[in-house]
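Structure file input_16.txt (compact mmCIF, C-alpha atoms) is printed below.
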```txt
# COMPACT_ATOMS: atom_id res chain seq x y z
CA MET A 313 0.00 0.00 0.00
CA LEU A 314 1.30 3.42 -0.88
CA GLU A 315 2.09 5.78 1.93
CA LYS A 316 0.60 9.20 1.61
CA THR A 317 3.24 11.86 1.94
CA ASP A 318 1.41 14.97 0.94
CA ASP A 319 -1.45 16.43 2.91
CA ALA A 320 -3.10 17.66 -0.26
CA ASP A 321 -3.57 14.03 -1.29
CA ASP A 322 -6.02 13.67 1.56
CA ALA A 323 -8.33 16.29 0.17
CA PRO A 324 -11.62 14.66 -0.79
CA ARG A 325 -11.67 13.94 -4.49
CA PRO A 326 -14.24 15.67 -6.61
CA GLU A 327 -16.90 13.13 -7.51
CA ALA A 328 -17.55 11.91 -11.03
CA ALA A 329 -21.33 12.11 -10.53
CA THR A 330 -23.19 15.24 -11.57
CA PRO A 331 -23.30 17.42 -8.44
CA ALA A 332 -26.98 18.18 -9.03
CA ASP A 333 -27.83 14.49 -8.52
CA ARG A 334 -25.92 14.20 -5.31
CA ALA A 335 -27.75 13.14 -2.19
CA LEU A 336 -27.54 15.89 0.41
CA ARG A 337 -28.54 15.93 4.04
CA GLU A 338 -32.01 17.34 4.59
CA SER A 339 -30.66 20.03 6.92
CA THR A 340 -28.28 21.17 4.17
CA LEU A 341 -31.16 21.46 1.71
CA VAL A 342 -33.11 23.45 4.32
CA VAL A 343 -30.23 25.88 4.94
CA ARG A 344 -29.69 26.32 1.20
CA ALA A 345 -33.39 26.93 0.63
CA GLN A 346 -33.34 29.49 3.47
CA ASP A 347 -30.48 31.13 1.63
CA GLY A 348 -32.72 31.46 -1.44
CA ASP A 349 -31.69 28.33 -3.36
CA VAL A 350 -34.88 27.25 -5.17
CA ALA A 351 -33.34 24.00 -6.47
CA SER A 352 -32.82 22.80 -2.89
CA PHE A 353 -36.36 23.80 -1.97
CA GLU A 354 -37.63 21.82 -4.96
CA ARG A 355 -35.83 18.74 -3.67
CA LEU A 356 -37.52 19.18 -0.30
CA VAL A 357 -40.90 19.54 -2.00
CA ARG A 358 -40.30 16.35 -3.98
CA SER A 359 -39.42 14.39 -0.88
CA TYR A 360 -42.45 15.60 1.15
CA GLU A 361 -45.25 15.99 -1.37
CA LYS A 362 -46.51 12.39 -1.21
CA GLU A 363 -46.00 12.02 2.53
CA LEU A 364 -48.03 15.13 3.24
CA LEU A 365 -50.69 14.02 0.80
CA ARG A 366 -51.12 10.75 2.71
CA LEU A 367 -51.52 12.78 5.90
CA GLY A 368 -54.04 15.07 4.19
CA TYR A 369 -56.06 12.17 2.86
CA ARG A 370 -56.34 10.52 6.28
CA MET A 371 -57.26 13.83 7.89
CA LEU A 372 -59.68 15.14 5.26
CA THR A 373 -60.81 11.88 3.52
CA ASP A 374 -60.94 13.84 0.29
CA ILE A 375 -58.07 13.54 -2.17
CA GLY A 376 -58.75 16.83 -3.96
CA GLU A 377 -58.86 18.80 -0.71
CA ALA A 378 -55.73 17.01 0.46
CA GLN A 379 -53.92 17.99 -2.76
CA ASP A 380 -54.90 21.64 -2.26
CA ALA A 381 -53.79 21.52 1.37
CA VAL A 382 -50.39 20.11 0.39
CA GLN A 383 -49.87 22.83 -2.18
CA ASP A 384 -50.87 25.58 0.26
CA SER A 385 -48.67 24.13 3.01
CA LEU A 386 -45.60 23.89 0.82
CA VAL A 387 -46.00 27.43 -0.49
CA LEU A 388 -46.36 28.54 3.12
CA ALA A 389 -43.22 26.54 3.95
CA TRP A 390 -41.27 28.52 1.35
CA ARG A 391 -42.56 31.82 2.68
CA ARG A 392 -41.93 31.00 6.33
CA LEU A 393 -38.65 29.18 5.84
CA PRO A 394 -36.55 32.16 6.98
CA THR A 395 -38.26 31.96 10.39
CA LEU A 396 -37.24 28.34 10.99
CA LYS A 397 -34.35 28.63 13.43
CA ASP A 398 -33.22 25.00 13.59
CA PRO A 399 -32.83 23.38 10.16
CA GLN A 400 -32.90 19.94 11.83
CA ALA A 401 -36.48 20.65 12.92
CA PHE A 402 -37.72 20.94 9.32
CA HIS A 403 -39.41 17.53 9.36
CA ALA A 404 -41.65 18.29 12.34
CA TRP A 405 -42.09 21.87 11.14
CA VAL A 406 -43.43 20.96 7.70
CA TYR A 407 -45.75 18.42 9.33
CA GLN A 408 -46.91 21.23 11.60
CA LEU A 409 -47.82 23.42 8.62
CA MET A 410 -49.76 20.61 6.95
CA THR A 411 -51.50 19.39 10.10
CA ARG A 412 -52.67 22.89 10.98
CA GLN A 413 -53.87 23.41 7.44
CA CYS A 414 -55.97 20.22 7.73
CA LEU A 415 -57.33 21.09 11.17
CA ASN A 416 -58.33 24.56 9.91
CA LEU A 417 -60.12 23.05 6.92
CA LEU A 418 -61.95 20.61 9.18
CA ARG A 419 -63.02 23.45 11.48
CA ALA A 420 -64.27 25.42 8.48
CA ARG A 421 -66.20 22.36 7.28
CA LYS A 422 -67.74 21.96 10.72
CA ARG A 423 -68.83 25.60 10.72
CA ARG A 424 -70.38 25.19 7.30
CA ARG A 425 -72.13 22.04 8.43
CA THR A 426 -73.45 23.72 11.55
CA SER A 427 -74.89 26.63 9.59
CA LEU A 428 -76.41 24.29 7.01
CA THR A 429 -77.85 22.04 9.72
CA HIS A 430 -79.50 25.08 11.28
CA GLU A 431 -81.23 25.61 7.98
CA GLY A 432 -82.29 21.98 8.04
CA ASP A 433 -80.49 21.07 4.82
CA VAL A 434 -78.09 18.41 5.99
CA GLY A 435 -78.50 15.69 8.58
CA HIS A 436 -75.71 14.62 10.88
CA ASP A 437 -73.55 12.12 9.08
CA PRO A 438 -69.88 11.84 9.93
CA HIS A 439 -69.10 10.49 6.45
CA ARG A 440 -70.65 13.39 4.66
CA SER A 441 -69.82 16.84 5.88
CA ALA A 442 -70.94 20.07 4.24
CA GLY A 443 -70.89 18.88 0.68
CA VAL A 444 -67.62 16.97 1.01
CA GLU A 445 -68.06 13.39 -0.05
CA ALA A 446 -65.36 11.15 1.40
CA ASP A 447 -63.28 9.41 -1.25
CA PRO A 448 -63.81 5.68 -0.95
CA PRO A 449 -61.04 3.69 0.69
CA SER A 450 -58.56 2.08 -1.64
CA ALA A 451 -59.38 -1.32 -3.14
CA ALA A 452 -56.74 -2.94 -0.97
CA ALA A 453 -58.37 -1.61 2.22
CA GLN A 454 -61.74 -2.91 1.13
CA THR A 455 -60.48 -6.44 0.66
CA SER A 456 -59.91 -6.88 4.38
CA ALA A 457 -62.66 -6.47 6.95
CA LEU A 458 -60.18 -5.17 9.52
CA GLY A 459 -58.79 -2.66 7.04
CA ALA A 460 -62.28 -1.43 6.25
CA GLY A 461 -63.03 -1.29 9.98
CA LEU A 462 -60.04 0.93 10.64
CA ASP A 463 -60.87 3.12 7.64
CA VAL A 464 -64.34 3.82 9.00
CA ALA A 465 -63.36 4.07 12.68
CA LEU A 466 -60.72 6.64 11.77
CA THR A 467 -63.24 8.91 10.05
CA THR A 468 -65.39 8.97 13.20
CA LEU A 469 -62.46 9.98 15.43
CA PRO A 470 -62.51 13.66 16.52
CA ALA A 471 -60.05 15.68 14.40
CA GLU A 472 -57.56 16.46 17.21
CA LEU A 473 -57.33 12.79 18.19
CA ARG A 474 -57.11 11.69 14.59
CA ALA A 475 -54.25 14.11 13.89
CA CYS A 476 -52.23 12.75 16.83
CA TRP A 477 -52.90 9.12 15.92
CA VAL A 478 -52.14 9.54 12.21
CA LEU A 479 -48.89 11.40 12.89
CA LYS A 480 -47.80 8.72 15.37
CA GLU A 481 -48.88 5.51 13.69
CA LEU A 482 -48.90 6.31 9.98
CA HIS A 483 -46.04 8.83 9.87
CA HIS A 484 -43.99 7.65 12.85
CA LEU A 485 -43.44 11.08 14.40
CA SER A 486 -42.20 11.06 18.00
CA TYR A 487 -44.36 12.40 20.85
CA PRO A 488 -42.32 15.64 21.08
CA GLU A 489 -42.58 16.11 17.31
CA ILE A 490 -46.35 15.66 17.43
CA ALA A 491 -46.59 18.05 20.38
CA TYR A 492 -44.67 20.62 18.31
CA ALA A 493 -46.77 19.98 15.19
CA ILE A 494 -50.09 20.37 17.00
CA GLY A 495 -48.99 22.94 19.55
CA VAL A 496 -49.96 21.08 22.72
CA PRO A 497 -47.90 19.57 25.57
CA VAL A 498 -46.45 16.05 25.18
CA ALA A 499 -48.72 14.81 27.98
CA THR A 500 -51.76 15.93 25.99
CA VAL A 501 -50.50 14.06 22.94
CA ARG A 502 -50.06 10.89 25.02
CA GLY A 503 -53.58 11.21 26.35
CA ARG A 504 -55.05 11.81 22.91
CA ILE A 505 -53.27 8.81 21.42
CA ALA A 506 -54.46 6.58 24.26
CA ARG A 507 -58.04 7.77 23.66
CA ALA A 508 -57.65 7.34 19.91
CA ARG A 509 -56.46 3.74 20.33
CA LEU A 510 -59.36 2.96 22.61
CA HIS A 511 -61.85 4.47 20.17
CA LEU A 512 -60.32 2.68 17.18
CA ALA A 513 -60.01 -0.69 18.91
CA ARG A 514 -63.65 -0.43 20.00
CA GLY A 515 -64.77 0.66 16.54
CA MET A 516 -62.93 -2.17 14.88
CA SER A 517 -64.28 -4.83 17.22
CA GLU A 518 -67.61 -4.36 15.43
CA TRP A 519 -65.99 -5.49 12.19
CA ARG A 520 -64.60 -8.79 13.40
CA MET B 513 -62.13 -4.04 27.04
CA ALA B 514 -58.89 -3.78 29.04
CA LEU B 515 -58.00 -0.44 27.44
CA SER B 516 -59.06 2.72 29.19
CA GLU B 517 -59.12 6.49 28.65
CA THR B 518 -56.12 6.91 30.94
CA GLY B 519 -53.83 4.74 28.87
CA ARG B 520 -52.87 2.78 32.00
CA LEU B 521 -53.79 -0.86 32.59
CA GLY B 522 -55.04 -2.44 35.81
CA CYS B 523 -51.56 -3.91 36.42
CA GLY B 524 -50.04 -0.40 36.23
CA ARG B 525 -48.41 -0.84 32.83
CA ASP B 526 -48.75 1.87 30.22
CA VAL B 527 -50.68 0.84 27.08
CA ASP B 528 -47.88 2.52 25.11
CA ASP B 529 -45.52 -0.22 26.26
CA VAL B 530 -47.97 -2.97 25.31
CA TRP B 531 -48.48 -1.28 21.94
CA ALA B 532 -44.72 -0.97 21.36
CA ASN B 533 -44.37 -4.73 21.79
CA ILE B 534 -47.57 -5.75 20.03
CA ASN B 535 -45.88 -7.17 16.95
CA HIS B 536 -43.51 -9.29 19.05
CA GLU B 537 -43.91 -12.23 21.40
CA PRO B 538 -45.27 -11.21 24.85
CA ASP B 539 -42.48 -10.27 27.25
CA LYS B 540 -42.06 -11.98 30.61
CA HIS B 541 -44.63 -9.80 32.40
CA GLU B 542 -47.16 -9.85 29.56
CA ALA B 543 -46.97 -13.65 29.33
CA THR B 544 -48.51 -14.02 32.77
CA CYS B 545 -50.47 -10.76 33.30
CA PRO B 546 -54.20 -11.01 32.50
CA ASP B 547 -54.51 -7.21 32.03
CA CYS B 548 -51.71 -7.15 29.47
CA GLN B 549 -53.03 -10.22 27.70
CA ALA B 550 -56.48 -8.66 27.43
CA ALA B 551 -54.96 -5.40 26.17
CA ARG B 552 -52.90 -7.31 23.60
CA ALA B 553 -56.05 -9.04 22.40
CA ASP B 554 -57.87 -5.67 22.14
CA LEU B 555 -54.99 -4.14 20.19
CA ALA B 556 -54.04 -7.05 17.92
CA GLY B 557 -56.52 -6.22 15.16
CA LEU B 558 -55.72 -2.50 15.30
CA ALA B 559 -51.99 -3.26 15.07
CA SER B 560 -52.28 -5.41 11.96
CA ALA B 561 -54.76 -3.04 10.30
CA THR B 562 -52.44 -0.09 11.06
CA THR B 563 -49.46 -1.80 9.46
CA ALA B 564 -51.63 -2.67 6.45
CA MET B 565 -52.91 0.93 6.22
CA VAL B 566 -49.36 2.33 6.04
CA GLU B 567 -48.57 -0.01 3.16
CA THR B 568 -51.90 0.50 1.39
CA ASP B 569 -51.58 4.28 1.49
CA ARG B 570 -48.01 4.09 0.26
CA ASP B 571 -49.09 1.98 -2.71
CA ASP B 572 -52.32 3.87 -3.41
CA ASP B 573 -51.75 5.38 -6.83
CA ARG B 574 -54.52 7.93 -6.29
CA LEU B 575 -52.40 9.54 -3.58
CA VAL B 576 -50.08 11.49 -5.83
CA GLY B 577 -49.72 15.22 -6.21
CA ARG B 578 -51.98 16.89 -8.72
CA PRO B 579 -50.21 17.15 -12.11
CA GLY B 580 -48.36 20.41 -12.27
CA ALA B 581 -48.61 21.05 -8.51
CA LEU B 582 -44.91 20.66 -7.93
CA ALA B 583 -44.10 22.97 -10.84
CA ALA B 584 -46.60 25.52 -9.52
CA ILE B 585 -45.07 25.49 -6.03
CA VAL B 586 -41.56 25.88 -7.42
CA ALA B 587 -42.72 28.65 -9.79
CA ILE B 588 -44.10 30.61 -6.82
CA ALA B 589 -40.83 30.09 -4.96
CA ARG B 590 -38.88 31.32 -7.96
CA THR B 591 -41.04 34.45 -8.26
CA GLU B 592 -40.61 35.28 -4.61
CA VAL B 593 -37.01 34.15 -4.31
CA ARG B 594 -34.72 35.95 -1.93
CA ARG B 595 -31.78 36.66 -4.17
CA GLY B 596 -29.73 38.53 -1.61
CA ARG B 597 -27.86 41.64 -2.57
CA THR B 598 -27.21 42.80 -6.08
CA LEU B 599 -23.48 42.98 -6.71
CA PRO B 600 -22.11 45.45 -9.27
CA LEU B 601 -19.59 43.63 -11.41
CA LEU B 602 -18.15 45.96 -13.97
CA THR B 603 -17.32 49.59 -13.67
CA ALA B 604 -19.25 51.24 -16.41
CA SER B 605 -17.05 53.18 -18.74
CA PRO B 606 -18.49 56.45 -20.05
CA ASP B 607 -19.39 54.86 -23.37
CA ALA B 608 -20.79 51.61 -21.93
CA ALA B 609 -24.46 50.82 -22.46
CA GLY B 610 -24.98 50.17 -18.77
CA GLN B 611 -23.77 48.47 -15.65
CA VAL B 612 -23.47 44.69 -15.22
CA THR B 613 -24.68 43.27 -11.94
CA ILE B 614 -25.10 39.79 -10.51
CA SER B 615 -27.20 38.59 -7.60
CA GLU B 616 -25.47 37.28 -4.52
CA GLN B 617 -27.56 34.12 -4.95
CA ALA B 618 -26.12 33.44 -8.40
CA VAL B 619 -22.55 33.61 -7.10
CA ALA B 620 -23.53 31.49 -4.08
CA SER B 621 -24.83 28.81 -6.46
CA ILE B 622 -21.46 28.59 -8.16
CA VAL B 623 -19.76 28.30 -4.77
CA ARG B 624 -22.13 25.56 -3.57
CA GLU B 625 -21.86 23.64 -6.85
CA THR B 626 -18.11 23.61 -6.36
CA CYS B 627 -18.55 22.22 -2.82
CA ASP B 628 -20.82 19.51 -4.20
CA GLY B 629 -17.89 18.25 -6.24
CA PHE B 630 -16.19 17.13 -3.02
CA ASP B 631 -17.01 13.83 -1.46
CA ASP B 632 -18.70 14.12 1.93
CA VAL B 633 -18.68 17.93 1.99
CA GLU B 634 -21.86 20.01 1.84
CA GLY B 635 -21.82 23.77 1.32
CA ARG B 636 -24.52 25.58 3.27
CA ARG B 637 -24.83 29.32 3.86
CA CYS B 638 -22.94 31.56 1.49
CA ARG B 639 -22.48 35.34 1.60
CA VAL B 640 -20.75 37.29 -1.13
CA THR B 641 -19.65 40.89 -0.88
CA VAL B 642 -17.84 43.27 -3.17
CA VAL B 643 -14.33 44.31 -2.23
CA ASN B 644 -12.86 47.49 -3.61
CA GLU B 645 -9.11 47.75 -3.62
CA GLN B 646 -8.98 50.91 -1.58
CA PRO B 647 -11.13 50.38 1.45
CA GLY B 648 -12.85 53.41 2.83
CA GLN B 649 -13.03 55.10 -0.54
CA ALA B 650 -16.24 55.51 -2.39
CA PRO B 651 -16.25 53.28 -5.46
CA ALA B 652 -15.67 54.89 -8.80
CA SER B 653 -18.61 55.88 -10.92
CA GLY B 654 -20.49 52.71 -11.71
CA GLY B 655 -19.13 51.08 -8.55
CA GLY B 656 -17.92 47.84 -10.12
CA ALA B 657 -16.28 45.08 -8.10
CA THR B 658 -12.56 44.73 -8.28
CA SER B 659 -12.85 41.48 -6.35
CA LEU B 660 -15.30 39.47 -4.29
CA ALA B 661 -15.18 38.19 -0.72
CA VAL B 662 -16.94 34.91 0.00
CA GLN B 663 -18.11 33.59 3.35
CA LEU B 664 -19.14 29.96 3.31
CA SER B 665 -20.35 27.51 5.93
CA LEU B 666 -19.92 23.76 5.53
CA THR B 667 -20.81 20.48 7.05
CA VAL B 668 -18.18 17.79 6.50
CA GLY B 669 -18.01 14.07 7.15
CA GLY B 670 -16.29 12.95 10.33
CA SER B 671 -13.44 11.34 8.38
CA VAL B 672 -12.64 14.39 6.25
CA ARG B 673 -9.36 16.13 7.08
CA ILE B 674 -10.22 19.79 7.20
CA PRO B 675 -6.89 21.59 6.45
CA PRO B 676 -6.24 19.93 3.05
CA LEU B 677 -9.94 20.21 2.22
CA VAL B 678 -9.93 23.94 2.87
CA THR B 679 -6.87 24.50 0.68
CA GLU B 680 -8.34 22.56 -2.22
CA LEU B 681 -11.80 24.09 -1.81
CA ARG B 682 -10.48 27.66 -1.76
CA ASP B 683 -8.56 27.04 -4.97
CA ARG B 684 -11.51 25.51 -6.75
CA VAL B 685 -14.01 28.15 -5.60
CA ALA B 686 -11.67 30.95 -6.66
CA VAL B 687 -11.17 29.41 -10.09
CA ALA B 688 -14.87 28.61 -10.63
CA VAL B 689 -16.12 32.06 -9.59
CA GLU B 690 -13.52 33.95 -11.58
CA ARG B 691 -14.12 31.79 -14.67
CA ARG B 692 -17.90 32.22 -14.57
CA VAL B 693 -18.25 35.75 -13.17
CA GLY B 694 -15.08 37.32 -14.42
CA VAL B 695 -14.07 38.89 -11.11
CA PRO B 696 -11.30 37.50 -8.89
CA VAL B 697 -12.06 36.27 -5.39
CA ALA B 698 -10.01 38.12 -2.81
CA SER B 699 -10.90 35.99 0.20
CA ILE B 700 -12.88 32.91 1.12
CA ALA B 701 -13.77 32.61 4.79
CA ILE B 702 -14.81 29.07 5.60
CA HIS B 703 -16.77 28.08 8.67
CA VAL B 704 -17.20 24.37 9.37
CA GLU B 705 -20.48 24.46 11.27
CA ASP B 706 -21.03 20.75 11.63
CA LEU B 707 -19.34 17.36 11.39
CA HIS B 708 -21.65 14.64 10.21
CA ASP B 709 -21.36 10.87 10.13
CA ALA B 710 -20.34 9.59 6.73
```
Please, can you express the file's structure as structure tokens?
Amino acid sequence: MLEKTDDADDAPRPEAATPADRALRESTLVVRAQDGDVASFERLVRSYEKELLRLGYRMLTDIGEAQDAVQDSLVLAWRRLPTLKDPQAFHAWVYQLMTRQCLNLLRARKRRRTSLTHEGDVGHDPHRSAGVEADPPSAAAQTSALGAGLDVALTTLPAELRACWVLKELHHLSYPEIAYAIGVPVATVRGRIARARLHLARGMSEWR
Amino acid sequence: MALSETGRLGCGRDVDDVWANINHEPDKHEATCPDCQAARADLAGLASATTAMVETDRDDDRLVGRPGALAAIVAIARTEVRRGRTLPLLTASPDAAGQVTISEQAVASIVRETCDGFDDVEGRRCRVTVVNEQPGQAPASGGGATSLAVQLSLTVGGSVRIPPLVTELRDRVAVAVERRVGVPVASIAIHVEDLHDA
């Protein structure tokens, strides 16, 4: 083996791959995007678009509304990026933007439903709220009774509980990350997830 | 149902712990505790349906961004981009049609691209300022740069030796910026803000 005699030989070699294709740490992309680098922001958007859409679908049960919410959240992310102090916190932060967007939409739906109900137009049906028809579950979910049971039980869970449960079990956020995303103490998140599990387990027992 | 609103079982165990172990064999306590066994039975269906839901949603081809959404988001970002300062590049001569300027962001891109050519080195924040040869004096009419000063922060892999890296990086950044922008780089201040695992 050759001995290295010159320090300059230890300098990392420029890579053969196109730099634009290079995998970069998420925090680096975040810092670059904060610095005004749109290409880095685009890479962040690509890596989060689908994830956030899955969250939106489980929160809103409407794919079109979820797509709108993702778009609004990511534009908001670009605008608010300079205010994010810790680039490592981007993951929880972008989930926070999307979760809040969904919760706001659900509150607006509820208000619409309440005003319509007062006029006697719409009955109380958790699957149909103020003109929003839930998209049917995927074919795969319908093939299993348990899957269908969870699908339905989840739609009947109050929004705040559903948000906590979805972030924990479908997106694997930690308790502190969920607390940050929703803006409540960790103890509240724990309590909500315990209640969500109870509600879901009970709901699903009817499908066995 | 053994589960309760409090999240705590009759035996004192937290349901979180039972849930965390639900896809594994019961541990020593769970194997003999009736509360834990009942809770496991209550949660078994939810656990398997949850795992299935994660996979189903991931494979659901309806759950993709609306066509053009990504382009629309990026287009908005591009319109509103923070380009940093505008740097005057060439001193306009009396007969020149006008001044040539470049955004700080454009120079920063060249600097970061150069960093990306190094294995296990990531360029992060980059500031670029104009240096005039006689500090303290107002720039000549047109105010063009005689050279640029670059400040750059990096994160480097734990195995990277920083002194030879810095030497090589400075050389390459100076060459790349001068070649593309046409103005020499007077100084490159490098701040290694983080060491990451390779």
* Report as a VMD selection string the set of chain B residues whose atoms approach chain A to within 7 Å, with distances computed over all atoms listed in the file. => chain B and resid 515 to 519 554 to 555 557 to 558 561 565 to 566 568 to 569 572 575 to 578 581 585 to 586 589 to 590 593 to 595 617 625 628 to 631 634 636 to 637 673 676 to 677 680
* Structure fact -> Min atom-atom distance to Ile490 (chain A) from the set A:His403, A:Lys397, A:Arg425, A:Arg392, counting all atoms listed in the file, belongs to A:His403
* Kindly give the distance, in Å, that separates CA of Leu479 (chain A) and CA of Thr411 (chain A), rounded to a single decimal. =>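 CA of Leu479 (chain A) sits 8.9 Å away from CA of Thr411 (chain A).
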* Asked: With distances taken over all atoms listed in the file, which of B:Cys638, B:Ala514, B:Leu521, B:Val633 is nearest to Glu616 (chain B)?
  ->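 So, comparing all the options, the nearest one is B:Cys638.
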* Please identify all polymer residues within 9 Å of Glu542 (chain B), counting all atoms listed in the file, omitting same-chain residues fewer than 6 positions from it, and present them as a PyMOL selection string. => chain B and resi 530+548-549+552
* To do: Measure the distance from CA of Arg692 (chain B) to CA of Gln663 (chain B) in Å and round it to one decimal.
  =>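 Rounded to one decimal, the two atoms are 18.0 Å apart.
For the residues B:Pro600, B:His708, B:Ile674, B:Ile700, ranking by smallest atom-to-atom distance to Thr658 (chain B) using all atoms listed in the file places B:Pro600 first.
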* May I ask for the distance between CA of Ala587 (chain B) and CA of Ser352 (chain A), given in Å to one decimal place? => 13.4 Å
